[in-house]
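To be precise, the following lines are data.pdb, and they hold PDB, C-alpha atoms.
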```
MODEL        1
ATOM      1  CA  MET A   1      -0.232   4.099 -16.253  1.00  0.00           C
ATOM      2  CA  SER A   2      -1.451   7.597 -15.475  1.00  0.00           C
ATOM      3  CA  LEU A   3      -2.680   8.609 -12.046  1.00  0.00           C
ATOM      4  CA  ALA A   4      -4.956  11.182 -13.689  1.00  0.00           C
ATOM      5  CA  ARG A   5      -6.739   8.494 -15.750  1.00  0.00           C
ATOM      6  CA  PRO A   6      -6.488   5.195 -13.883  1.00  0.00           C
ATOM      7  CA  THR A   7      -7.791   2.111 -15.624  1.00  0.00           C
ATOM      8  CA  ARG A   8     -10.403  -0.037 -13.982  1.00  0.00           C
ATOM      9  CA  ALA A   9      -8.297  -2.120 -11.678  1.00  0.00           C
ATOM     10  CA  ARG A  10      -8.693  -4.338  -8.695  1.00  0.00           C
ATOM     11  CA  PRO A  11      -9.920  -2.607  -5.513  1.00  0.00           C
ATOM     12  CA  VAL A  12      -7.251  -1.477  -3.063  1.00  0.00           C
ATOM     13  CA  TYR A  13      -7.908  -1.266   0.692  1.00  0.00           C
ATOM     14  CA  ARG A  14      -5.978   0.347   3.541  1.00  0.00           C
ATOM     15  CA  LEU A  15      -5.874  -1.972   6.573  1.00  0.00           C
ATOM     16  CA  ARG A  16      -5.520  -0.874  10.187  1.00  0.00           C
ATOM     17  CA  PRO A  17      -5.726  -3.000  13.320  1.00  0.00           C
ATOM     18  CA  GLY A  18      -9.175  -3.463  14.810  1.00  0.00           C
ATOM     19  CA  ALA A  19     -10.112  -3.378  18.466  1.00  0.00           C
ATOM     20  CA  ALA A  20      -9.955  -6.415  20.727  1.00  0.00           C
ATOM     21  CA  THR A  21      -9.526  -7.141  24.422  1.00  0.00           C
ATOM     22  CA  ASP A  22      -6.600  -8.831  26.081  1.00  0.00           C
ATOM     23  CA  TYR A  23      -6.739 -11.498  28.793  1.00  0.00           C
ATOM     24  CA  ASP A  24      -7.370  -8.845  31.458  1.00  0.00           C
ATOM     25  CA  GLY A  25     -10.234  -7.299  29.478  1.00  0.00           C
ATOM     26  CA  ASP A  26      -8.237  -4.214  28.481  1.00  0.00           C
ATOM     27  CA  PRO A  27      -8.671  -2.811  24.966  1.00  0.00           C
ATOM     28  CA  VAL A  28      -5.804  -3.544  22.554  1.00  0.00           C
ATOM     29  CA  GLU A  29      -5.181  -3.305  18.812  1.00  0.00           C
ATOM     30  CA  SER A  30      -5.509  -6.554  16.876  1.00  0.00           C
ATOM     31  CA  TRP A  31      -4.855  -7.575  13.279  1.00  0.00           C
ATOM     32  CA  ALA A  32      -7.279 -10.518  13.631  1.00  0.00           C
ATOM     33  CA  GLU A  33     -10.075  -8.406  12.080  1.00  0.00           C
ATOM     34  CA  PRO A  34      -8.517  -5.299  10.537  1.00  0.00           C
ATOM     35  CA  VAL A  35     -10.527  -2.203   9.667  1.00  0.00           C
ATOM     36  CA  ARG A  36     -10.672  -1.927   5.853  1.00  0.00           C
ATOM     37  CA  GLU A  37     -11.058   1.365   3.973  1.00  0.00           C
ATOM     38  CA  ARG A  38     -11.188   1.433   0.187  1.00  0.00           C
ATOM     39  CA  LEU A  39      -8.618   3.700  -1.466  1.00  0.00           C
ATOM     40  CA  ARG A  40     -10.610   5.033  -4.417  1.00  0.00           C
ATOM     41  CA  GLY A  41      -8.622   5.846  -7.531  1.00  0.00           C
ATOM     42  CA  ALA A  42      -5.556   3.983  -6.252  1.00  0.00           C
ATOM     43  CA  VAL A  43      -3.012   2.849  -8.829  1.00  0.00           C
ATOM     44  CA  VAL A  44      -0.586   0.012  -8.103  1.00  0.00           C
ATOM     45  CA  GLN A  45       2.646  -0.253 -10.070  1.00  0.00           C
ATOM     46  CA  ASP A  46       5.119  -3.130 -10.101  1.00  0.00           C
ATOM     47  CA  VAL A  47       8.634  -2.052  -9.198  1.00  0.00           C
ATOM     48  CA  THR A  48      10.754  -2.896 -12.196  1.00  0.00           C
ATOM     49  CA  SER A  49      14.192  -2.590 -10.686  1.00  0.00           C
ATOM     50  CA  THR A  50      16.654  -5.158 -11.901  1.00  0.00           C
ATOM     51  CA  GLU A  51      19.326  -7.049 -10.067  1.00  0.00           C
ATOM     52  CA  LYS A  52      22.333  -8.373 -11.969  1.00  0.00           C
ATOM     53  CA  ASP A  53      23.827 -11.699 -11.005  1.00  0.00           C
ATOM     54  CA  GLY A  54      26.785 -11.954 -13.338  1.00  0.00           C
ATOM     55  CA  VAL A  55      25.153 -11.914 -16.769  1.00  0.00           C
ATOM     56  CA  VAL A  56      21.634 -12.854 -15.637  1.00  0.00           C
ATOM     57  CA  THR A  57      19.112 -10.066 -15.055  1.00  0.00           C
ATOM     58  CA  ARG A  58      15.941 -10.749 -13.085  1.00  0.00           C
ATOM     59  CA  LEU A  59      13.015  -8.623 -11.956  1.00  0.00           C
ATOM     60  CA  ALA A  60      12.349  -8.090  -8.249  1.00  0.00           C
ATOM     61  CA  ARG A  61       8.588  -8.717  -7.828  1.00  0.00           C
ATOM     62  CA  ALA A  62       8.182  -8.497  -4.046  1.00  0.00           C
ATOM     63  CA  GLU A  63       7.735  -4.712  -4.165  1.00  0.00           C
ATOM     64  CA  ARG A  64       5.030  -2.399  -5.470  1.00  0.00           C
ATOM     65  CA  ARG A  65       4.422   1.339  -5.605  1.00  0.00           C
ATOM     66  CA  LEU A  66       1.034   2.710  -4.534  1.00  0.00           C
ATOM     67  CA  LEU A  67      -0.299   6.034  -5.825  1.00  0.00           C
ATOM     68  CA  VAL A  68      -3.512   7.431  -4.325  1.00  0.00           C
ATOM     69  CA  PRO A  69      -5.184  10.716  -5.270  1.00  0.00           C
ATOM     70  CA  GLY A  70      -5.539  13.192  -2.404  1.00  0.00           C
ATOM     71  CA  LEU A  71      -4.598  12.659   1.218  1.00  0.00           C
ATOM     72  CA  PRO A  72      -5.764   9.182   2.304  1.00  0.00           C
ATOM     73  CA  GLY A  73      -3.843   9.383   5.591  1.00  0.00           C
ATOM     74  CA  LEU A  74      -1.516   6.438   4.890  1.00  0.00           C
ATOM     75  CA  THR A  75       1.053   5.793   7.594  1.00  0.00           C
ATOM     76  CA  LEU A  76       4.100   3.612   8.061  1.00  0.00           C
ATOM     77  CA  ASP A  77       2.037   1.264  10.277  1.00  0.00           C
ATOM     78  CA  ASP A  78      -0.656   0.564   7.660  1.00  0.00           C
ATOM     79  CA  ARG A  79      -1.067  -2.497   5.527  1.00  0.00           C
ATOM     80  CA  VAL A  80      -2.653  -2.553   2.077  1.00  0.00           C
ATOM     81  CA  GLU A  81      -4.795  -5.279   0.515  1.00  0.00           C
ATOM     82  CA  ILE A  82      -4.591  -5.721  -3.258  1.00  0.00           C
ATOM     83  CA  ALA A  83      -6.556  -8.560  -4.875  1.00  0.00           C
ATOM     84  CA  GLY A  84      -6.631 -10.507  -1.619  1.00  0.00           C
ATOM     85  CA  GLU A  85      -2.872 -10.140  -0.988  1.00  0.00           C
ATOM     86  CA  THR A  86      -1.594  -8.172   1.983  1.00  0.00           C
ATOM     87  CA  TRP A  87       1.263  -5.692   1.567  1.00  0.00           C
ATOM     88  CA  ARG A  88       3.088  -3.604   4.178  1.00  0.00           C
ATOM     89  CA  VAL A  89       3.857   0.109   3.761  1.00  0.00           C
ATOM     90  CA  ASP A  90       7.655   0.335   3.582  1.00  0.00           C
ATOM     91  CA  GLY A  91       8.821   3.714   4.890  1.00  0.00           C
ATOM     92  CA  ASP A  92       6.874   6.929   5.294  1.00  0.00           C
ATOM     93  CA  PRO A  93       4.357   7.681   2.527  1.00  0.00           C
ATOM     94  CA  VAL A  94       5.092  10.865   0.561  1.00  0.00           C
ATOM     95  CA  VAL A  95       2.557  13.550  -0.328  1.00  0.00           C
ATOM     96  CA  ARG A  96       3.255  15.169  -3.695  1.00  0.00           C
ATOM     97  CA  ARG A  97       1.652  18.244  -5.193  1.00  0.00           C
ATOM     98  CA  SER A  98       1.654  18.891  -8.925  1.00  0.00           C
ATOM     99  CA  GLU A  99      -0.153  21.417 -11.105  1.00  0.00           C
ATOM    100  CA  SER A 100      -0.908  18.761 -13.704  1.00  0.00           C
ATOM    101  CA  MET A 101      -1.915  15.908 -11.360  1.00  0.00           C
ATOM    102  CA  GLY A 102      -3.052  17.703  -8.212  1.00  0.00           C
ATOM    103  CA  THR A 103      -2.235  16.229  -4.807  1.00  0.00           C
ATOM    104  CA  PHE A 104      -1.491  12.537  -4.443  1.00  0.00           C
ATOM    105  CA  THR A 105       0.161  10.226  -1.939  1.00  0.00           C
ATOM    106  CA  SER A 106       2.760   7.636  -2.912  1.00  0.00           C
ATOM    107  CA  ALA A 107       4.044   4.733  -0.844  1.00  0.00           C
ATOM    108  CA  GLN A 108       6.393   1.822  -1.374  1.00  0.00           C
ATOM    109  CA  LEU A 109       4.893  -1.570  -0.538  1.00  0.00           C
ATOM    110  CA  VAL A 110       6.538  -4.881   0.277  1.00  0.00           C
ATOM    111  CA  ARG A 111       4.777  -8.219   0.476  1.00  0.00           C
ATOM    112  CA  PHE A 112       3.610  -8.946   4.016  1.00  0.00           C
ATOM    113  CA  THR A 113       4.683 -12.207   5.567  1.00  0.00           C
ATOM    114  CA  ALA A 114       3.294 -13.178   8.948  1.00  0.00           C
TER     115      ALA A 114
ENDMDL
END
```
Translate the structure of the given file into structure tokens.
Amino acid sequence: MSLARPTRARPVYRLRPGAATDYDGDPVESWAEPVRERLRGAVVQDVTSTEKDGVVTRLARAERRLLVPGLPGLTLDDRVEIAGETWRVDGDPVVRRSESMGTFTSAQLVRFTA
């Protein structure tokens, strides 16, 4: 799948904690109602690494790679929603610059479990 010509895919959203108040009335961050921002042009790729258990080879499907054109401001603390599933950014996102593809941001994602 090319980042330059993404296919029509499911929408991808960056999630950040919303604002709430604690028991004392002080403002705090809360994931109860996260702030959603659509990542236009985002491409999600399954990670196809294999693990060998003796002779058996299986695919690890709990990871994905996210590619977003430009500088969407992804951080290590963000979560990403893909087709209703929540994923966590795993490690610092990387900004890459290429003459053929322009600037894009890539991030590793792992399935979020509460």
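Interatomic distance, CA of Val94 (chain A) against CA of Val68 (chain A): 10.5 Å.
Picture a line from CA of Val89 (chain A) to CA of Ala20 (chain A); it runs 22.8 Å.
Nearest to Leu67 (chain A) of all the residues A:Glu33, A:Arg111, A:Pro17, A:Val12 is A:Val12, counting all atoms listed in the file.
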Handout entry: Residue neighbourhood Asp92 (chain A), 12 Å, only C-alpha atoms, exclusion window fewer than 6 positions, as a list in words
Key = Gly73, Leu74, Thr75, Leu76, Asp77, Asp78, Thr105, Ser106, Ala107, Gln108 and Leu109 of chain A
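In this structure, CA of Asp90 (chain A) sits 27.1 Å away from CA of Pro27 (chain A).
The closest residue to Arg88 (chain A), picked from A:Met101, A:Ala42, A:Asp24, A:Arg14 and counting only C-alpha atoms, is A:Arg14.
What the PyMOL selection byres ((chain A and resi 44) around 7) picks from this file is A:Ala42, A:Val43, A:Gln45, A:Asp46, A:Arg64, A:Arg65, A:Leu66, A:Leu67.
For Gly102 (chain A), the residues within 12 Å (counting all atoms listed in the file, excluding itself and residues fewer than 4 positions away along the chain) are A:Leu3, A:Ala4, A:Val68, A:Pro69, A:Gly70, A:Leu71, A:Val95, A:Arg96, A:Arg97, A:Ser98.
If you measure from each of A:Ala114, A:Glu63, A:Thr103, A:Arg10 to Ala32 (chain A) using only C-alpha atoms, the closest one turns out to be A:Ala114.
Comparing A:Asp26, A:Glu99, A:Glu85, A:Glu37 by their smallest distance to Pro72 (chain A), the closest is A:Glu37 (using only C-alpha atoms).
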Practice task
Measuring atom to atom with all atoms listed in the file, identify which of A:Val47, A:Val28, A:Val110, A:Ala19 is nearest to Glu81 (chain A).
Solution key: A:Val110
Practice task
Can you turn the PyMOL selection byres ((chain A and resi 34) around 6) into a concrete residue list for this file, as a PyMOL selection string?
Solution key: chain A and resi 15-18+31+33+35
Exercise for the section: Counting all atoms listed in the file, figure out which residue out of A:Tyr23, A:Phe104, A:Phe112, A:Tyr13 gets nearest to Ile82 (chain A). Expected result: A:Tyr13
